[in-house]
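> Attaching a single structure in structure tokens format; questions to follow.
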Amino acid sequence: MESMKAQRTVIRVLMGYLVLLAAIVFWPSPVDAPVDGALSQVLLFLHRHGAPQWVNYNLVEFTANIAMFVPFGVLLALILKRSHRWFAVVICFAATCFIELSQLLFLSHRVASMGDIVANTAGGIIGTGIVVLLTMKTGRRR
């Protein structure tokens, strides 16, 4: 990150993101419970109109977990030096392992899942990759 002001801004955004992430992943009950019925109705509608059966709750949840960790990868990659950006993926993986272990041990109404570890880490990889690709592209212009 080039300027200290920009880096401080990214760190503030990262802190806000982490607070929101913690609220989501450590909520005592599944956070999708309030929309479960609506999601089922949407999926049923899609299936009636030609969507394949593999477009289901598991796909939606997996995709949501990926999307939830993309910003984490982006923000971490932005605060790390260019030569250390790969470490953002390690941090995302470690964070998601911590989250899933915490859910397993302390949150009886939540389900720890290897699939969540894969999806969250994939989101971190995508987010980090976005930063790497964009900075490579802008670096060539200079």
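Identifiers for the structure tokens are assigned positionally: chains receive A, B, ... in sequence, residues are indexed from 1 per chain, and ligands are indexed from 1 in the order shown.
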What residues in chain A get the DSSP label alpha helix (DSSP H)? Please answer as JSON, numbers by chain.

{"A": [4, 5, 6, 7, 8, 9, 10, 11, 12, 13, 14, 15, 16, 17, 18, 19, 20, 21, 22, 23, 24, 25, 36, 37, 38, 39, 40, 41, 42, 43, 44, 45, 46, 47, 48, 57, 58, 59, 60, 61, 62, 63, 64, 65, 66, 67, 68, 69, 70, 71, 72, 73, 74, 75, 76, 77, 78, 79, 87, 88, 89, 90, 91, 92, 93, 94, 95, 96, 97, 98, 99, 100, 101, 102, 103, 104, 105, 106, 114, 115, 116, 117, 118, 119, 120, 121, 122, 123, 124, 125, 126, 127, 128, 129, 130, 131, 132, 133, 134, 135, 136, 137, 138, 139, 140, 141]}

> For the residues in that selection, give me C-alpha atoms as a short mmCIF file (atom, residue, chain, number, x, y, z; two decimals), in the first residue's frame.


```cif
data_model
loop_
_atom_site.label_atom_id
_atom_site.label_comp_id
_atom_site.auth_asym_id
_atom_site.auth_seq_id
_atom_site.Cartn_x
_atom_site.Cartn_y
_atom_site.Cartn_z
CA MET A 4 0.03 5.54 5.16
CA LYS A 5 -3.38 7.24 5.11
CA ALA A 6 -4.72 4.67 2.66
CA GLN A 7 -3.26 1.84 4.71
CA ARG A 8 -4.88 3.17 7.89
CA THR A 9 -8.19 3.35 6.04
CA VAL A 10 -7.86 -0.27 4.90
CA ILE A 11 -7.01 -1.33 8.46
CA ARG A 12 -10.14 0.46 9.77
CA VAL A 13 -12.28 -1.23 7.14
CA LEU A 14 -10.67 -4.58 8.02
CA MET A 15 -11.48 -4.05 11.72
CA GLY A 16 -15.11 -3.26 10.87
CA TYR A 17 -15.26 -6.30 8.60
CA LEU A 18 -13.86 -8.53 11.36
CA VAL A 19 -16.49 -7.30 13.82
CA LEU A 20 -19.23 -8.08 11.29
CA LEU A 21 -17.66 -11.45 10.46
CA ALA A 22 -17.45 -12.36 14.16
CA ALA A 23 -21.11 -11.45 14.63
CA ILE A 24 -22.08 -13.73 11.75
CA VAL A 25 -19.90 -16.74 12.53
CA ASP A 36 -34.66 -20.36 5.33
CA GLY A 37 -38.31 -20.52 4.26
CA ALA A 38 -37.91 -17.76 1.69
CA LEU A 39 -34.77 -19.39 0.29
CA SER A 40 -36.60 -22.71 -0.01
CA GLN A 41 -39.38 -20.97 -1.92
CA VAL A 42 -36.90 -19.29 -4.29
CA LEU A 43 -35.14 -22.60 -4.94
CA LEU A 44 -38.46 -24.34 -5.53
CA PHE A 45 -39.44 -21.59 -8.00
CA LEU A 46 -36.11 -21.95 -9.80
CA HIS A 47 -36.48 -25.74 -10.04
CA ARG A 48 -40.00 -25.38 -11.44
CA TYR A 57 -29.33 -24.94 -0.38
CA ASN A 58 -25.86 -26.49 -0.16
CA LEU A 59 -24.72 -24.60 -3.26
CA VAL A 60 -26.18 -21.33 -1.96
CA GLU A 61 -24.52 -21.78 1.43
CA PHE A 62 -21.17 -22.76 -0.12
CA THR A 63 -21.28 -19.77 -2.47
CA ALA A 64 -22.25 -17.43 0.40
CA ASN A 65 -19.26 -18.66 2.41
CA ILE A 66 -16.96 -17.96 -0.52
CA ALA A 67 -18.44 -14.48 -0.93
CA MET A 68 -18.13 -13.80 2.80
CA PHE A 69 -14.35 -14.34 2.73
CA VAL A 70 -13.51 -12.52 -0.52
CA PRO A 71 -13.34 -9.14 1.30
CA PHE A 72 -11.11 -10.71 3.95
CA GLY A 73 -8.62 -11.80 1.28
CA VAL A 74 -8.78 -8.39 -0.41
CA LEU A 75 -8.24 -6.41 2.80
CA LEU A 76 -5.45 -8.63 4.08
CA ALA A 77 -3.66 -8.53 0.73
CA LEU A 78 -3.90 -4.75 0.69
CA ILE A 79 -2.22 -4.33 4.06
CA PHE A 87 0.23 -14.97 3.52
CA ALA A 88 -3.31 -13.54 3.31
CA VAL A 89 -4.47 -17.00 2.16
CA VAL A 90 -2.76 -18.63 5.16
CA ILE A 91 -4.48 -16.15 7.48
CA CYS A 92 -7.87 -16.84 5.87
CA PHE A 93 -7.34 -20.58 6.24
CA ALA A 94 -6.24 -20.26 9.88
CA ALA A 95 -9.15 -17.94 10.69
CA THR A 96 -11.71 -20.29 9.19
CA CYS A 97 -10.20 -23.28 11.04
CA PHE A 98 -10.48 -21.27 14.26
CA ILE A 99 -14.09 -20.36 13.44
CA GLU A 100 -15.13 -23.93 12.68
CA LEU A 101 -13.37 -25.32 15.76
CA SER A 102 -15.04 -22.66 17.92
CA GLN A 103 -18.44 -23.50 16.47
CA LEU A 104 -17.82 -27.19 17.12
CA LEU A 105 -16.73 -26.67 20.72
CA PHE A 106 -18.88 -23.77 21.89
CA MET A 114 -14.96 -29.00 6.33
CA GLY A 115 -16.98 -27.57 3.44
CA ASP A 116 -17.00 -24.20 5.18
CA ILE A 117 -13.22 -24.36 5.56
CA VAL A 118 -12.87 -25.06 1.84
CA ALA A 119 -15.36 -22.34 0.84
CA ASN A 120 -13.97 -19.68 3.17
CA THR A 121 -10.40 -20.40 2.11
CA ALA A 122 -11.48 -20.27 -1.54
CA GLY A 123 -13.00 -16.85 -0.85
CA GLY A 124 -9.72 -15.72 0.68
CA ILE A 125 -7.82 -17.01 -2.35
CA ILE A 126 -10.17 -15.17 -4.71
CA GLY A 127 -9.89 -11.93 -2.73
CA THR A 128 -6.11 -12.15 -2.57
CA GLY A 129 -5.97 -13.04 -6.25
CA ILE A 130 -8.02 -9.97 -7.14
CA VAL A 131 -5.53 -7.71 -5.39
CA VAL A 132 -2.54 -9.49 -6.91
CA LEU A 133 -3.99 -9.30 -10.42
CA LEU A 134 -5.01 -5.65 -10.11
CA THR A 135 -1.67 -4.59 -8.68
CA MET A 136 0.18 -6.53 -11.39
CA LYS A 137 -1.89 -4.76 -14.02
CA THR A 138 -1.35 -1.30 -12.49
CA GLY A 139 2.33 -2.05 -11.89
CA ARG A 140 2.83 -2.68 -15.62
CA ARG A 141 1.27 0.68 -16.51
#
```

> What is the atom CA of A:Val111-atom CA of A:Pro30 distance in Å, reported with one decimal?

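Computing the Euclidean distance for atom CA of A:Val111 and atom CA of A:Pro30 yields 8.4 Å.
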